[in-house]
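Working notes, structure below.
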Amino acid sequence: RSALAALALAALFTANASAQETLRLGIVSFLSGPAAESFGVPAVNGAKVVIEAFNKGAAPAPYNKVGFGGMRIEPIYVDENGGATKQVQELRNLYDREKADAVIGYVGSGDCLAVAPAAEEMKKFLILYDCGTPRIFEDGKYNYVFRTASHAVMDNVALARYLKARNIKAGTINYINQDYAWGHDSRNDFKAAAAQLFPGSKTGADLLPKFGAGQYGTEISALLNQPADLVHSSLWGGDLQAFILQASPRGLFKRSQAVFSAADHVLPGLGQRMPDGVILGARGAYGLMSPKSALNDWWWKVYSDANKVYPVQAPYRMVQALLGFKLAAEKAMAANGGKKPTPEQLAAALKGSEWESPAGKIRMALSGGHQAIQDTAIGRTKYDKQKKMVTLVDIQRFPAQCVNPPPGVKGEEWIKGGFQGAKCP
């Protein structure tokens, strides 16, 4: 009996130790600078409410286990502001000094291109929750790095398909995009998609202001002096807000149809200052374009109750990363006897997986199971005076396999090849 009692006591001790163990999780997003207000801070606010729910075991099934399989989550929040070189050092600090078991983060494409090789070199687990450039996995191969959201090819293909479906004139197109990886890739993808769907369309002004420029008087003058059917832009954050506030009084949005690939996140802040009729995407079926589901209802409520505003692109992308990571961590723990998983075990569990998110199903379908695809939607702005908010109308949804390239094909090559293999309704 004494032997059995000793074994039972040892098992109880082991269970309690596992329950008390923590998983230190780095969360990186913009907490200062022009990208903080409409993007970085909402993303972190999303992480806070979801991690709190996880630690209480208060999320809906199958996300209702306490923490990660009984391990309490200990978040470490880091500001992404400061440039790529600084972010590489901050990432190393998270792993080495802060002893982070994993990191979820990064909005800027330049930052993602810099930190991905650093995490791989250190053999540490990293989830890129947002940044858009396809080049991360199309030009590189990783074992420890994942992106749990679609890249920017989806955004611009869906935008072009939306215009085509509604017979919106696109004979001439002006462009204003930021002068770094995200802006260049977004511009190139939309140009290529327009060439396929609107043969003979011509490029007018093609502007590439610096990230964080803030003042766009010269660019707006150029767009007005060379009128076009469309003005395409992938500006985001404070840059997008500034551009809209400066361009609207000068009548740009009345002279050209504005098409923004990633703009829903500025709607709550701009309110009635956002012009009606702007066609925009959210980089997924997010915010006002999100699907009806029990999981989305729960997410919408916990975020809105905590922050007094509805969730948009950045917090949606953060929560889908956390949900996918939670399932992967618990799968890895189950295969590891309930112990904290290693980076290799986490990577094996997340690779090629799929899970339900508030925006629909996320599938790690590209780049050997390291890059996600998902459904998306495009809509048109309309201010509702009774609700005192910008709403989105004329919403069209696009299934993931309609607007994302198939496995093994680079996004730009897929577009230029006529979207071969696309499965559209």
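Chain lettering (A, B, ...) mirrors the order of the structure tokens, residue numbering begins at 1 for each chain separately, and ligand numbering begins at 1 in order of display.
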Shell of 12 Å around Lys254 (chain A), only C-alpha atoms, local chain residues under 5 positions omitted, as a ChimeraX atom specification | /A:224,227-231,247-249,275-278
For the selection you just gave me, I'd like the residues written to a file as a PDB file, in the first residue's frame, keeping C-alpha atoms.
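Generated output (again.pdb):
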```
ATOM      1  CA  LEU A 224      -5.419  65.003 -59.479  1.00  0.00           C
ATOM      2  CA  PRO A 227      -7.032  61.667 -63.517  1.00  0.00           C
ATOM      3  CA  ALA A 228      -7.700  57.935 -63.768  1.00  0.00           C
ATOM      4  CA  ASP A 229     -10.666  55.603 -63.380  1.00  0.00           C
ATOM      5  CA  LEU A 230      -9.111  54.022 -60.279  1.00  0.00           C
ATOM      6  CA  VAL A 231      -6.671  54.957 -57.545  1.00  0.00           C
ATOM      7  CA  ALA A 247      -7.149  63.786 -50.198  1.00  0.00           C
ATOM      8  CA  SER A 248     -10.862  63.964 -49.392  1.00  0.00           C
ATOM      9  CA  PRO A 249     -11.171  67.781 -49.081  1.00  0.00           C
ATOM     10  CA  PRO A 275     -15.716  59.043 -47.865  1.00  0.00           C
ATOM     11  CA  ASP A 276     -18.643  56.962 -49.060  1.00  0.00           C
ATOM     12  CA  GLY A 277     -18.143  54.581 -51.940  1.00  0.00           C
ATOM     13  CA  VAL A 278     -14.542  53.575 -51.276  1.00  0.00           C
TER      14      VAL A 278
END
```
Contacts of region 239-242 of chain A within 8 Å, only C-alpha atoms, excl. fewer than 2 positions in-chain, as a VMD selection string = chain A and resid 34 to 35 211 to 216 235 to 237 244 to 246 263 266 270
Nearest to Gly70 (chain A) among A:Met274, A:Cys424, A:Leu23, A:Ala306, with distances taken over only C-alpha atoms: which residue is it?
->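 Checking each of A:Met274, A:Cys424, A:Leu23, A:Ala306 against Gly70 (chain A), counting only C-alpha atoms, the winner is A:Leu23.
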Neighbours of Gln87 (chain A) within 8 Å (only C-alpha atoms; same-chain residues fewer than 4 positions away dropped), as a list in words?
->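 Skipping anything fewer than 4 positions along the chain leaves Glu80, Gly82, Gly83, Leu91, Asp111, Ala114 and Val115 of chain A.
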Now that the selection is made, can you save its residues with C-alpha atoms as a PDB file, in the first residue's frame?
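Saved file out.pdb follows:
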```pdb
ATOM      1  CA  GLU A  80       7.694  46.728 -33.054  1.00  0.00           C
ATOM      2  CA  GLY A  82      12.179  51.168 -34.519  1.00  0.00           C
ATOM      3  CA  GLY A  83      13.092  49.340 -37.714  1.00  0.00           C
ATOM      4  CA  LEU A  91      13.739  38.984 -31.006  1.00  0.00           C
ATOM      5  CA  ASP A 111      10.506  43.434 -40.123  1.00  0.00           C
ATOM      6  CA  ALA A 114      14.515  40.402 -41.132  1.00  0.00           C
ATOM      7  CA  VAL A 115      13.348  38.376 -38.119  1.00  0.00           C
TER       8      VAL A 115
END
```
Go ahead and compute the interatomic distance for CA of Ala377 (chain A) and CA of Gly271 (chain A), in Å to one decimal.
-> 20.6 Å
Nearest residue to Pro311 (chain A) from the set A:Ile27, A:Ala43, A:Leu327, A:Leu94 (distances using only C-alpha atoms) =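 Checking each of A:Ile27, A:Ala43, A:Leu327, A:Leu94 against Pro311 (chain A), counting only C-alpha atoms, the winner is A:Ala43.
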Would you list, as a list in words, the residues of region 197-254 of chain A that end up in alpha helix (DSSP H) under DSSP run on this structure's backbone?
-> Leu197, Gly217, Thr218, Glu219, Ile220, Ser221, Ala222, Leu223, Leu224, Asn225, Gly237, Gly238, Asp239, Leu240, Gln241, Ala242, Phe243, Ile244, Leu245, Gln246, Ala247, Leu252, Phe253 and Lys254 of chain A
